[in-house]
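Shown next, in structure tokens, is the structure this report addresses.
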Amino acid sequence: MMTLSQADMNERLQDYGKRIESLGKSLGLDYYPVDFELVPNNFMNEVAIYGLPIRMPHWSFGVRYIHQLIRQSMGHSRIFEVMFPGNPCHGYLVNSNTLAENTLVTAHVLGHADFAKNNHLFARFAEMSGTNIVEHAAAQAHRIEQAVKNYGQQRVEALLDAALALEPHVDLDQELHRPLYPTGPKPAEHGPRAGDDPFNDRFRHLPGEAGPAQASKERRSAPIPPRPESDLLWFIAHYGPELEDWERDVFLAVRHESFYFYPVFACNIMNEGWATYWHARLLREADFLPEDLYLDAVTCHSNVVRPFAGEQQAALAINPYHVGFSMWERIVEKQGMERARAIRRDEDDFGFIRNFLDAELAEKLGLFVYETQSDDGVKVIARDVNKVREAILAPKFNYGAPCIQVGEMKTDGTLVLVHDHTADGRGLDLERAARVLQYVHRAWRRPVMLQTIDSRGSPHELRSGTQ
Amino acid sequence: MSYPGDPLSSRWQQSIRISTEVGWYDLFSRGARDWLRHNEKVRESVEKSLPNLIAGPDVLSGPGGGTVLVPVRLAEHARFRLRDAESETGAGQGAGEPGQVLRPGQPQQGDDKGGEAGSGQGDLQFVLELKVEDVLDWLWEELKLPDLKPKQSARQDDEEFVREGWDKRGVRSRLDRRRTVKQAIRRRAIQTNPAPFTDDDLRFRQLKRRERPATNAAVIFAIDVSGSMGETERQLAKTFFFFALQGIRRQYAKVEVAFVAHSAEAWEFNETQFFQTSGTGGTVSSTVFKLSKDIIKQRFDPSQYNVYLFYASDGENLVDDRELATEALRDVCVGLNYGGFVEIRPAYGISPETELAGIFARMQRENLPLGMARVTGREDVWNALRQFFQEQQDRAEAA
């Protein structure tokens with residue numbers, strides 16, 4: 001295809017975009033409006049690194065940014081599209097890509113938009129975190145920049161060190177805006193229920209059982225947290241004994257964004273597969289596209305869905321576009337579009353992979369489980385579909401992070417974190433854990449401890465301030 | 001790296017929404033901003049461990065404009081994560097039957113599990129270039145090293161000429177043109193039909209003789225090169241000498257340096273030879289003190305120079321030499337601002353007082369301007385420097 005001037009390209013892209021959109025609607029795509037923007041490549045890199053178009057400043061993003069630049073300069077990583085669900089959705093395309101590529105990406109984004117509006121997980125989180133996360137995050141970034149002016153870079157950065165390190169440690173089963181723990185003595189003890197249950201009444205006053213009344217005096221206030229708390233960001237924001245209000249806001253801001261990112265994380269394969277299915281189908285049925293443009297777009301499509309780079313025989317990672325796309329094609333072919341839409345509505349990657357990746361397809365896609373051993377190299381160890389499914393899902397549990405909970409907050413304000421080693425069966429990286437404790441300690445200010453058990457079964461207790 | 005802005009970037013809209021924002025993302029790069037902040041942080045942490053990073057410097061007597069290159073790792077923002085397992089499993093795609101080896105041993109970490117939060121990206125290295133001068137300024141500040149005090153009795157002053165006032169007579173080279181023209185203009189203003197210049201307009205700068213405090217320093221570096229001083233010992237001595245010299249340079253406008261080495265005899269060397277020399281045989285320290293005294297007498301008149309002597313040795317000396325060495329040291333002290341004995345004993349740890357340490361301790365009790373420090377590893381070099389600089393300051397203040 002001839003190179004077009006930017007203005008020509010915009011015009012034709014708008015034209016194709018509108019027609020693809022009406023085609024999509026006639027095929028049943030249902031979505032909130034999408035604002036498209038053509039942006040320079042470096043902006044695209046930043047959106048991909050920060051996760052949001054405008055986000056709080058932190059040096060760790062700088063490190064990721066430089067890695068992305070390096071990967072890109074080596075030709076490993078090219079970002080075609082970033083899409084932010086919302087109402088409206090925000091879709092970003094790279095202005096230096098070809099018209100064919102951007103036409104394909106437009107169709108792809110419509111698939112994402114349909115997914116984001118109709119998938120239950122997306123819908124639930126959108127309801128909690130609002131439909132304008134892009135603006136929300138930008139406002140938050142602005143507040144943090146103000147905080148840098150007011151309180152100095154060191155302080156704000158130390159706070160973000162802690163908050164961003166705990167980014168995945170949120171309780172996704174709870175509400176984004178959840179209430180504090182109930183306070184004061186438990187109403188059940190001597191409250192209104194005392195008289196209306198004769199059995200309990202008598203039971204409490206059995207001879208020789210004077211204990212409970214005294215005990216309840218000793219423990220006037222309920223322990224905090226009442227049960228192990230896995231939302232570390234929420235807990236620190238609300239129960240940190242010495243945090244200032246603006247510091248609590250920083251933790252809550254990171255938590256808010258973390259909630260927003262979760263559906264994208266948990267539906268990666270489904271969502272990319274769905275968008276890929278739709279761009280392939282829309283382009284196939286878009287008879288208004290010139291033939292050369294269509295051919296270029298198909299080439300681009302086959303690059304996106306190839307499982308590994310041309311000269312290689314295998315890849316040590318699955319390509320979510322390829323796996324997701326193949327699964328959706330098969331579902332639509334065997335069970336029809338209505339069923340596919342229902343699956344798109346109900347599942348996340350866990351259900352999707354376990355229920356719809358069958359042995360036949362796994363074999364067709366050449367999926368396998370491999371093992372890396374430091375001295376032995378990399379080996380294929382299984383092609384059994386059950387093992388393949390679990391290997392695909394393993395990095396997705398618990399937001400991809402070890403299970404760490406607040407076990408206790410002592411009377412002197414010591415924060416006791418507990419690693420649930422039974423959930424992952426492998427010890428923590430203690431050196432990094434110690435550094436995270438340092439981060440948290442600077443925000444929490446009182447001592448911070450972490451209890452964990454390593455893979456050999458021996459307990460470890462880390463404390464902030466001792467390394 | 002550059003971040004070219006793209007003036008052509010534009011937006012287009014679908015459905016009904018029209019956006020009118022400016023392309024604000026053309027104006028700055030957040031990635032670059034946070035990357036620079038990262039570099040700043042790395043620089044800060046490098047500075048904290050600088051004493052250990054600067055290896056045996058080859059810039060000993062150079063002009064001090066050199067730079068050191070410090071390789072550093074990218075900073076990592078830590079998160080809770082599982083420890084690296086001896087074996088790790090994952091899902092892949094492609095050909096191969098169970099049991100087939102996809103990649104032979106020693107896999108490259110990092111290229112297949114980049115993923116979140118910069119994990120497994122430790123391979124990238126970059127290099128910070130630091131100016132030696134900046135490093136030293138920073139060190140002096142960090143170690144809170146006091147500046148050297150010129151010795152009070154050495155306040156024999158140099159003479160210098162300074163400009164002071166103007167005269168109507170003088171040599172042509174000191175003609176002040178500006179003043180002369182001003183004078184002429186003034187005169188012409190009140191004369192009718194004036195001459196452009198007259199001899200009366202001329203103004204010459206006057207010079208006056210003035211006394212100026214001496215700011216010259218001389219440093220004698222002495223080292224024991226007998227068989228017992230190995231490569232490690234010498235490297236430590238060299239590091240110490242380097243920083244001692246830099247500290248003296250900070251204070252004095254002009255510093256002259258002499259290098260002296262000895263085993264059973266003492267010789268003067270140039271810098272390059274100084275560090276390559278090795279001798280055999282016994283250690284006779286009196287020789288080096290005598291030679292130092294001669295050098296001071298011939299070249300560094302104590303009334304003109306602030307003289308420093310630093311002597312590095314493992315502390316061993318022939319017992320027969322004790323009397324001679326004590327006397328020679330006492331003699332050389334007369335001309336010194338300060339003398340420092342660096343006892344270098346990396347191999348021994350805690351050991352009884354050596355022969356030379358005994359001599360220096362006795363001299364110290366006689367209140368001679370001497371100090372002593374033991375260096376067992378590179379980290380001690382800083383303590384030794386701090387100690388010497390502190391002691392000589394206390395001494396100068398007491399005097």
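Note on naming: chains are A, B, ... as they come in the structure tokens, residues start from 1 per chain, ligands start from 1 in the order shown.
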Who sits within 10 Å of Ala95 (chain B), only C-alpha atoms, same chain under 2 positions skipped, as a ChimeraX atom specification: /A:312-315,365-368,380 /B:92-93,97,100,102
Take the residues from that selection and put them in a file with C-alpha atoms, as a PDB file, in the first residue's frame.
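Result file is again22.pdb:
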ATOM      1  CA  GLN A 312      11.152 -21.008  16.145  1.00  0.00           C
ATOM      2  CA  GLN A 313       9.530 -24.344  16.817  1.00  0.00           C
ATOM      3  CA  ALA A 314       7.959 -23.586  20.159  1.00  0.00           C
ATOM      4  CA  ALA A 315       7.351 -20.782  22.605  1.00  0.00           C
ATOM      5  CA  LEU A 365      -2.959 -25.775  19.324  1.00  0.00           C
ATOM      6  CA  GLY A 366       0.116 -27.719  20.403  1.00  0.00           C
ATOM      7  CA  LEU A 367      -0.173 -26.693  24.034  1.00  0.00           C
ATOM      8  CA  PHE A 368       2.209 -28.271  26.503  1.00  0.00           C
ATOM      9  CA  VAL A 380       8.389 -30.539  27.804  1.00  0.00           C
TER      10      VAL A 380
ATOM     11  CA  GLY B  92       3.905 -23.223  26.224  1.00  0.00           C
ATOM     12  CA  GLN B  93       2.893 -23.770  22.644  1.00  0.00           C
ATOM     13  CA  GLU B  97       6.802 -34.593  22.934  1.00  0.00           C
ATOM     14  CA  GLN B 100      11.905 -33.441  24.796  1.00  0.00           C
ATOM     15  CA  LEU B 102      13.497 -27.426  24.217  1.00  0.00           C
TER      16      LEU B 102
END
Distance-based interface of chain A with chain B, 6 Å, counting only C-alpha atoms, as a ChimeraX atom specification: /A:35-39,58-60,62,65,165,313-318,366-382,391-392,402,427-429,432-433,436
Mind writing the picked residues with N, CA and C atoms as a tab-separated table (two decimals), in the first residue's frame?
chain	number	residue	atom	x	y	z
A	35	ASP	N	-14.27	6.46	22.02
A	35	ASP	CA	-13.49	7.61	21.54
A	35	ASP	C	-12.17	7.11	21.03
A	36	PHE	N	-11.93	7.27	19.76
A	36	PHE	CA	-10.64	6.84	19.23
A	36	PHE	C	-9.68	8.01	19.19
A	37	GLU	N	-8.42	7.73	19.45
A	37	GLU	CA	-7.40	8.75	19.26
A	37	GLU	C	-6.23	8.12	18.55
A	38	LEU	N	-5.68	8.88	17.60
A	38	LEU	CA	-4.43	8.46	16.97
A	38	LEU	C	-3.31	9.14	17.73
A	39	VAL	N	-2.40	8.36	18.26
A	39	VAL	CA	-1.36	8.95	19.11
A	39	VAL	C	0.01	8.50	18.64
A	58	HIS	N	5.98	7.60	39.30
A	58	HIS	CA	6.79	6.78	40.21
A	58	HIS	C	7.97	6.23	39.43
A	59	TRP	N	9.12	6.15	40.08
A	59	TRP	CA	10.33	5.76	39.38
A	59	TRP	C	10.23	4.35	38.80
A	60	SER	N	9.43	3.48	39.42
A	60	SER	CA	9.37	2.11	38.92
A	60	SER	C	8.76	2.07	37.51
A	62	GLY	N	9.44	4.25	35.32
A	62	GLY	CA	10.58	4.61	34.48
A	62	GLY	C	11.39	3.40	34.09
A	65	TYR	N	9.50	1.50	31.55
A	65	TYR	CA	9.50	2.27	30.31
A	65	TYR	C	10.78	1.99	29.51
A	165	ALA	N	3.77	-1.29	45.70
A	165	ALA	CA	4.27	-2.65	45.94
A	165	ALA	C	3.12	-3.56	46.36
A	313	GLN	N	10.39	-23.17	16.82
A	313	GLN	CA	9.53	-24.34	16.82
A	313	GLN	C	8.51	-24.31	17.95
A	314	ALA	N	8.82	-23.60	18.99
A	314	ALA	CA	7.96	-23.59	20.16
A	314	ALA	C	8.18	-22.30	20.93
A	315	ALA	N	7.22	-21.96	21.76
A	315	ALA	CA	7.35	-20.78	22.61
A	315	ALA	C	7.09	-21.19	24.04
A	316	LEU	N	7.78	-20.53	24.95
A	316	LEU	CA	7.60	-20.85	26.36
A	316	LEU	C	6.55	-19.96	27.00
A	317	ALA	N	5.58	-19.62	26.21
A	317	ALA	CA	4.47	-18.84	26.73
A	317	ALA	C	3.34	-19.06	25.75
A	318	ILE	N	2.12	-18.94	26.21
A	318	ILE	CA	1.05	-19.07	25.24
A	318	ILE	C	0.71	-17.69	24.71
A	366	GLY	N	-1.25	-27.35	20.02
A	366	GLY	CA	0.12	-27.72	20.40
A	366	GLY	C	0.49	-27.21	21.78
A	367	LEU	N	-0.48	-27.19	22.69
A	367	LEU	CA	-0.17	-26.69	24.03
A	367	LEU	C	0.57	-27.76	24.83
A	368	PHE	N	1.49	-27.34	25.65
A	368	PHE	CA	2.21	-28.27	26.50
A	368	PHE	C	2.60	-27.60	27.81
A	369	VAL	N	3.00	-28.44	28.76
A	369	VAL	CA	3.54	-27.92	30.01
A	369	VAL	C	5.05	-28.14	29.96
A	370	TYR	N	5.80	-27.12	30.33
A	370	TYR	CA	7.26	-27.29	30.32
A	370	TYR	C	7.80	-27.07	31.72
A	371	GLU	N	9.01	-27.53	31.91
A	371	GLU	CA	9.67	-27.35	33.18
A	371	GLU	C	11.05	-26.76	32.93
A	372	THR	N	11.38	-25.75	33.70
A	372	THR	CA	12.70	-25.15	33.60
A	372	THR	C	13.50	-25.59	34.81
A	373	GLN	N	14.65	-26.16	34.55
A	373	GLN	CA	15.52	-26.48	35.68
A	373	GLN	C	16.85	-25.81	35.44
A	374	SER	N	17.37	-25.25	36.52
A	374	SER	CA	18.53	-24.38	36.34
A	374	SER	C	19.70	-25.11	35.69
A	375	ASP	N	19.85	-26.41	35.98
A	375	ASP	CA	21.00	-27.10	35.40
A	375	ASP	C	20.61	-27.96	34.20
A	376	ASP	N	19.31	-28.18	34.05
A	376	ASP	CA	18.88	-29.17	33.09
A	376	ASP	C	18.23	-28.58	31.85
A	377	GLY	N	18.09	-27.27	31.79
A	377	GLY	CA	17.44	-26.68	30.64
A	377	GLY	C	15.94	-26.73	30.73
A	378	VAL	N	15.30	-26.56	29.59
A	378	VAL	CA	13.84	-26.52	29.55
A	378	VAL	C	13.34	-27.78	28.86
A	379	LYS	N	12.36	-28.41	29.49
A	379	LYS	CA	11.87	-29.70	29.00
A	379	LYS	C	10.36	-29.66	28.88
A	380	VAL	N	9.84	-30.32	27.85
A	380	VAL	CA	8.39	-30.54	27.80
A	380	VAL	C	8.09	-31.64	28.81
A	381	ILE	N	7.12	-31.41	29.72
A	381	ILE	CA	6.85	-32.51	30.64
A	381	ILE	C	5.45	-33.09	30.49
A	382	ALA	N	4.53	-32.38	29.86
A	382	ALA	CA	3.20	-32.98	29.73
A	382	ALA	C	2.42	-32.33	28.60
A	391	ALA	N	-1.56	-25.12	34.20
A	391	ALA	CA	-0.33	-24.34	33.95
A	391	ALA	C	-0.66	-22.97	33.37
A	392	ILE	N	-1.72	-22.92	32.55
A	392	ILE	CA	-2.11	-21.63	32.00
A	392	ILE	C	-2.66	-20.72	33.11
A	402	PRO	N	1.47	-13.65	45.86
A	402	PRO	CA	1.31	-14.55	46.99
A	402	PRO	C	0.19	-14.05	47.93
A	427	GLY	N	7.82	-21.14	49.41
A	427	GLY	CA	8.17	-20.02	50.29
A	427	GLY	C	8.22	-18.71	49.54
A	428	LEU	N	8.30	-17.62	50.32
A	428	LEU	CA	8.44	-16.30	49.72
A	428	LEU	C	9.89	-16.02	49.39
A	429	ASP	N	10.08	-15.12	48.48
A	429	ASP	CA	11.40	-14.55	48.25
A	429	ASP	C	11.66	-13.60	49.43
A	432	ARG	N	13.23	-9.93	48.95
A	432	ARG	CA	12.29	-8.92	48.44
A	432	ARG	C	11.22	-8.61	49.48
A	433	ALA	N	10.78	-9.67	50.18
A	433	ALA	CA	9.75	-9.45	51.20
A	433	ALA	C	10.26	-8.46	52.25
A	436	VAL	N	9.94	-5.03	50.91
A	436	VAL	CA	8.56	-4.54	50.93
A	436	VAL	C	8.18	-4.12	52.35
Residue nearest Glu164 (chain B) - candidates B:Lys208, B:Gln183, B:Asp201, B:His262, atoms counted: only C-alpha atoms: B:Lys208
